[in-house]
Amino acid sequence: MLLAALSVLLAGLLALHFIQKSYFPYFWKDLLYFTSVIKYGVKIQLFKQRGRVVSVLDVFVRRARTQPDKPFIIYEGEVHSYGDVERRSNKVAQVLLSEGRLNKGDTIALLMSNEPDFICVWFGLAKLGCVAAFLNFNIKSRAILHCLSSCGAKTLIVGADQTGMLEEVLPMLQEGNIKIYVMAAKSPHPLVNTLLDKLQDAPANPVPDELREATLKSPTLFIFTSGTTGLPKAAVISQLQSLKASAGLAAYGAGKNDIIYIPLPLYHSAASLIGIGGCIELGATCVLKKKFSASQFWNDCKKYNVTVFQYIGELCRYLCNQTKKEGEKDHKVYMAVGNGLRQDVWKEFLERFGNIKMCELYGSTEGNLCFMNHIGKVGAVGRSNFFYKLFFHYDLVKYDLEKDEPIRNGQGFCERVKKGETGLLLSQINSLSPFFGYVGSKAFTQNKILRDVFRKGDLFFNTGDLMAEDHSDFIYFKDRIGDTFRWKGENVATTEVADVFGMLDFLQESNVYGVSVPGYEGKTGMAAVVLSKGHEFDGKGLYDHVTQQLPVYARPRFVRVLVTFFFFPVILFNAFAGINGSNWNPEAKEVSISEEWIQSLDYK
């Protein structure tokens with residue numbers, strides 16, 4: 001009797017195992033991943049109930065007390081321990097507090113390249129309860145002034161290697177009563193204050209803890225993004241978003257003994273929130289690179305025993321383009337975390353450099369949704385499943401590319417696409433997935449919200465991305481809508497570029513869009529222009545103007561000179577670039593022009 005019961009039980013278990021392997025092959029990996037997500041979610045819910053959040057900075061301070069001598073940052077061969085960064089960030093806080101200008105809640109703009117002092121200044125400001133606004137050091141004077149104005153910053157801290165940008169904007173900054181500090185011992189200008197010399201004599205004891213007390217909704221950072229149009233917008237990064245991002249590396253399986261390589265710019269959320277925040281959450285060590293170098297990458301990995309690195313798709317392509325060498329699989333890297341990796345580059349990278357788990361993720365700086373490809377499925381930016389959908393409500397809806405808007409039915413509601421079909425990704429806004437928007441403009445925030453999507457009164461965040469979900473619940477990125485494209489890991493707003501072209505008197509009209517270039521990630525800029533009457537095309541003038549006004553990644557690589565536009569610019573955009581900016585077709589028959597020629601701009 002007992003033997004028969006055991007036989008039936010064994011047969012049942014084998015049947016269940018067969019069913020799981022055949023129909024739910026990722027069940028245990030999904031469950032393990034989601035368990036880690038739920039554990040972190042429970043911790044955040046406890047913060048809500050207690051009304052006191054333990055921020056990423058709080059976790060760092062605890063790490064500095066429990067493991068003060070453990071390396072936190074390795075930079076250009078120099079080791080900065082958790083205790084070192086804690087003391088130096090205390091000094092920053094003490095100096096700025098003694099100046100008597102900053103108050104809790106104030107916004108301070110930070111224009112610095114990757115270096116340990118970026119993190120020390122960031123943490124020092126956070127200890128004062130101030131909000132740091134990270135500025136992209138590639139942007140030019142016009143955009144810098146816009147960023148400072150939009151986020152309300154009255155103080156600007158500049159890295160010693162970024163002081164060159166001050167010459168052009170200093171008069172305007174003085175008019176705006178913006179106080180400027182430079183991370184140097186000597187000032188490049190009488191009205192620019194120094195910080196480095198003051199840090200030497202400043203006390204290293206902490207400022208009062210109550211200065212940094214916050215709630216989950218409190219802003220902790222402003223990170224600028226091009227979004228879908230116009231000049232950069234300051235996305236509000238709340239304590240909640242910061243905490244969620246810091247859990248990313250742990251969710252993928254990284255641990256406290258890992259050495260994490262960060263070659264991405266700290267002004268982006270990937271490096272600062274996921275990279276630095278993730279290291280703190282783990283209590284791990286990071287190798288911070290001032291700037292990515294394909295030739296130095298694997299040497300650094302071997303030298304510092306790197307086990308995990310962050311990437312964007314372009315980074316991996318650059319590595320694959322390097323001359324092959326002996327021992328390319330002789331390293332300790334087992335995992336990489338990032339986004340934008342093309343399938344062909346993904347496969348080539350694994351074949352050449354070994355069995356590295358490539359962990360793609362999807363999410364925007366300001367967004368309320370994140371997908372993570374914890375399985376390592378080639379080509380997928382993330383994965384959903386039964387567990388995920390219980391807590392995070394998103395949908396892919398039908399989208400009209402010609403009208404550039406979601407399709408609504410007779411009742412005025414959106415319609416979901418079928419599995420495998422491409423649709424606009426929307427994420428419901430609720431208490432679990434709030435949307436904090438942008439600082440300085442309610443209009444920008446409202447423009448990202450879709451209302452009455454499936455029923456009256458519901459609210460969804462419009463990602464602006466066209467995605468597809470296959471029958472195995474893997475998520476794939478297809479395209480981006482709106483007046484934007486991505487190049488060299490940066491978002492480019494076409495309207496901002498067109499506005500810069502519009503400043504030139506020899507151009508009557510201009511239309512900017514992204515075009516795909518074989519072998520490159522994303523899209524590069526193409527500008528279609530019409531010359532003003534009586535003017536000739538001034539290539540050198542355009543070159544000088546564009547290089548002065550726009551960062552490298554936003555400069556169009558091609559200019560298409562037309563005699564005239566015979567129709568609305570949006571139609572021209574679709575005719576030249578294909579629907580929504582797909583591969584540009586120079587032989588497009590439907591474009592009615594009497595003469596045209598292409599000029600390639602080679603920016604040195």
# chains A, B, ... in the order shown; residues from 1 in each chain; ligands from 1
$ select_by_dssp --residues "range 159-387 of chain A" --states "strand (DSSP E or B)" --output "ChimeraX atom specification"
/A:179-182,193-194,219-225,233-238,259-262,285-288,308-312,335-339,357-362,371-372,382-383
$ residues_around --residues "range 280-287 of chain A" --least-positions-apart "3" --cutoff "7 Å" --atoms "only C-alpha atoms" --output "PDB file with N, CA, C and O atoms, in the first residue's frame"
ATOM      1  N   VAL A  59      22.134  54.061   3.874  1.00  0.00           N
ATOM      2  CA  VAL A  59      22.790  52.756   3.752  1.00  0.00           C
ATOM      3  C   VAL A  59      24.295  52.953   3.601  1.00  0.00           C
ATOM      4  O   VAL A  59      25.096  52.218   4.211  1.00  0.00           O
ATOM      5  N   PHE A  60      24.693  53.943   2.811  1.00  0.00           N
ATOM      6  CA  PHE A  60      26.127  54.215   2.647  1.00  0.00           C
ATOM      7  C   PHE A  60      26.777  54.579   3.978  1.00  0.00           C
ATOM      8  O   PHE A  60      27.871  54.086   4.298  1.00  0.00           O
ATOM      9  N   ARG A  63      27.317  51.546   5.922  1.00  0.00           N
ATOM     10  CA  ARG A  63      28.438  50.774   5.371  1.00  0.00           C
ATOM     11  C   ARG A  63      29.765  51.378   5.823  1.00  0.00           C
ATOM     12  O   ARG A  63      30.719  50.651   6.144  1.00  0.00           O
ATOM     13  N   PRO A  71      37.393  48.863   0.186  1.00  0.00           N
ATOM     14  CA  PRO A  71      37.411  49.741  -0.989  1.00  0.00           C
ATOM     15  C   PRO A  71      36.006  49.985  -1.533  1.00  0.00           C
ATOM     16  O   PRO A  71      35.243  49.029  -1.731  1.00  0.00           O
ATOM     17  N   PHE A  72      35.674  51.233  -1.730  1.00  0.00           N
ATOM     18  CA  PHE A  72      34.387  51.612  -2.315  1.00  0.00           C
ATOM     19  C   PHE A  72      34.580  52.016  -3.768  1.00  0.00           C
ATOM     20  O   PHE A  72      33.889  51.522  -4.660  1.00  0.00           O
ATOM     21  N   ILE A  73      35.553  52.888  -4.025  1.00  0.00           N
ATOM     22  CA  ILE A  73      35.827  53.365  -5.380  1.00  0.00           C
ATOM     23  C   ILE A  73      37.311  53.159  -5.696  1.00  0.00           C
ATOM     24  O   ILE A  73      38.172  53.537  -4.902  1.00  0.00           O
ATOM     25  N   ILE A  74      37.578  52.551  -6.831  1.00  0.00           N
ATOM     26  CA  ILE A  74      38.936  52.484  -7.356  1.00  0.00           C
ATOM     27  C   ILE A  74      38.954  53.370  -8.597  1.00  0.00           C
ATOM     28  O   ILE A  74      38.198  53.145  -9.546  1.00  0.00           O
ATOM     29  N   TYR A  75      39.805  54.392  -8.581  1.00  0.00           N
ATOM     30  CA  TYR A  75      39.829  55.373  -9.665  1.00  0.00           C
ATOM     31  C   TYR A  75      41.272  55.654 -10.064  1.00  0.00           C
ATOM     32  O   TYR A  75      42.060  56.108  -9.229  1.00  0.00           O
ATOM     33  N   SER A 246      18.707  51.140  -6.871  1.00  0.00           N
ATOM     34  CA  SER A 246      19.851  50.566  -6.154  1.00  0.00           C
ATOM     35  C   SER A 246      19.712  49.062  -5.944  1.00  0.00           C
ATOM     36  O   SER A 246      20.693  48.384  -5.645  1.00  0.00           O
ATOM     37  N   ALA A 247      18.502  48.536  -6.093  1.00  0.00           N
ATOM     38  CA  ALA A 247      18.268  47.103  -5.897  1.00  0.00           C
ATOM     39  C   ALA A 247      18.519  46.301  -7.170  1.00  0.00           C
ATOM     40  O   ALA A 247      18.470  45.065  -7.144  1.00  0.00           O
ATOM     41  N   ALA A 250      21.522  43.657  -7.258  1.00  0.00           N
ATOM     42  CA  ALA A 250      21.215  42.538  -6.373  1.00  0.00           C
ATOM     43  C   ALA A 250      20.157  41.632  -6.989  1.00  0.00           C
ATOM     44  O   ALA A 250      20.224  40.398  -6.878  1.00  0.00           O
ATOM     45  N   GLY A 255      26.678  40.291  -5.759  1.00  0.00           N
ATOM     46  CA  GLY A 255      26.865  40.192  -4.313  1.00  0.00           C
ATOM     47  C   GLY A 255      27.929  41.144  -3.796  1.00  0.00           C
ATOM     48  O   GLY A 255      28.560  41.888  -4.555  1.00  0.00           O
ATOM     49  N   LYS A 256      28.153  41.091  -2.498  1.00  0.00           N
ATOM     50  CA  LYS A 256      29.061  42.037  -1.840  1.00  0.00           C
ATOM     51  C   LYS A 256      30.515  41.859  -2.238  1.00  0.00           C
ATOM     52  O   LYS A 256      31.328  42.774  -2.076  1.00  0.00           O
ATOM     53  N   ASN A 257      30.865  40.691  -2.751  1.00  0.00           N
ATOM     54  CA  ASN A 257      32.257  40.446  -3.129  1.00  0.00           C
ATOM     55  C   ASN A 257      32.560  40.804  -4.575  1.00  0.00           C
ATOM     56  O   ASN A 257      33.693  40.627  -5.039  1.00  0.00           O
ATOM     57  N   ASP A 258      31.574  41.308  -5.281  1.00  0.00           N
ATOM     58  CA  ASP A 258      31.782  41.658  -6.684  1.00  0.00           C
ATOM     59  C   ASP A 258      32.576  42.959  -6.824  1.00  0.00           C
ATOM     60  O   ASP A 258      32.516  43.842  -5.961  1.00  0.00           O
ATOM     61  N   ILE A 259      33.301  43.052  -7.938  1.00  0.00           N
ATOM     62  CA  ILE A 259      33.989  44.281  -8.346  1.00  0.00           C
ATOM     63  C   ILE A 259      33.261  44.783  -9.594  1.00  0.00           C
ATOM     64  O   ILE A 259      33.247  44.104 -10.620  1.00  0.00           O
ATOM     65  N   ILE A 260      32.639  45.943  -9.506  1.00  0.00           N
ATOM     66  CA  ILE A 260      31.749  46.434 -10.557  1.00  0.00           C
ATOM     67  C   ILE A 260      32.418  47.567 -11.322  1.00  0.00           C
ATOM     68  O   ILE A 260      32.837  48.567 -10.729  1.00  0.00           O
ATOM     69  N   TYR A 261      32.512  47.420 -12.619  1.00  0.00           N
ATOM     70  CA  TYR A 261      33.193  48.366 -13.505  1.00  0.00           C
ATOM     71  C   TYR A 261      32.168  49.346 -14.069  1.00  0.00           C
ATOM     72  O   TYR A 261      31.199  48.952 -14.724  1.00  0.00           O
ATOM     73  N   ILE A 262      32.377  50.656 -13.817  1.00  0.00           N
ATOM     74  CA  ILE A 262      31.439  51.688 -14.244  1.00  0.00           C
ATOM     75  C   ILE A 262      32.144  52.644 -15.209  1.00  0.00           C
ATOM     76  O   ILE A 262      32.831  53.573 -14.786  1.00  0.00           O
ATOM     77  N   ILE A 276      26.438  53.159  -8.831  1.00  0.00           N
ATOM     78  CA  ILE A 276      26.902  53.570  -7.499  1.00  0.00           C
ATOM     79  C   ILE A 276      25.902  53.139  -6.430  1.00  0.00           C
ATOM     80  O   ILE A 276      26.281  52.574  -5.400  1.00  0.00           O
ATOM     81  N   GLY A 277      24.608  53.388  -6.678  1.00  0.00           N
ATOM     82  CA  GLY A 277      23.594  52.967  -5.709  1.00  0.00           C
ATOM     83  C   GLY A 277      23.587  51.468  -5.496  1.00  0.00           C
ATOM     84  O   GLY A 277      23.423  50.986  -4.374  1.00  0.00           O
TER      85      GLY A 277
END
$ residues_around --residues "Ala251 in chain A" --least-positions-apart "4" --cutoff "7 Å" --atoms "only C-alpha atoms" --output "list of chain:residue names"
A:Tyr33, A:Ser36, A:Val37, A:Ala247
$ atom_distance --atom1 "CA of Met183 in chain A" --atom2 "CA of Lys198 in chain A"
9.9 Å
$ residues_around --residues "range 151-158 of chain A" --least-positions-apart "4" --cutoff "8 Å" --atoms "only C-alpha atoms" --output "number ranges by chain"
A: 106-112, 133, 147, 162-163, 176-183, 222, 234, 439-440
$ atom_distance --atom1 "CA of Ala143 in chain A" --atom2 "CA of Leu288 in chain A"
26.7 Å
$ closest_residue --among "A:Ile312, A:Leu264, A:Leu166, A:Val306" --to "Asp330 in chain A" --atoms "only C-alpha atoms"
A:Val306
$ residues_around --residues "Val92 in chain A" --least-positions-apart "5" --cutoff "8 Å" --atoms "only C-alpha atoms" --output "ChimeraX atom specification"
/A:120-121,124-125,199
$ closest_residue --among "A:Val131, A:Ala235, A:Leu562, A:Leu243" --to "Phe436 in chain A" --atoms "only C-alpha atoms"
A:Ala235
$ atom_distance --atom1 "CA of Ala527 in chain A" --atom2 "CA of Asp404 in chain A"
20.6 Å
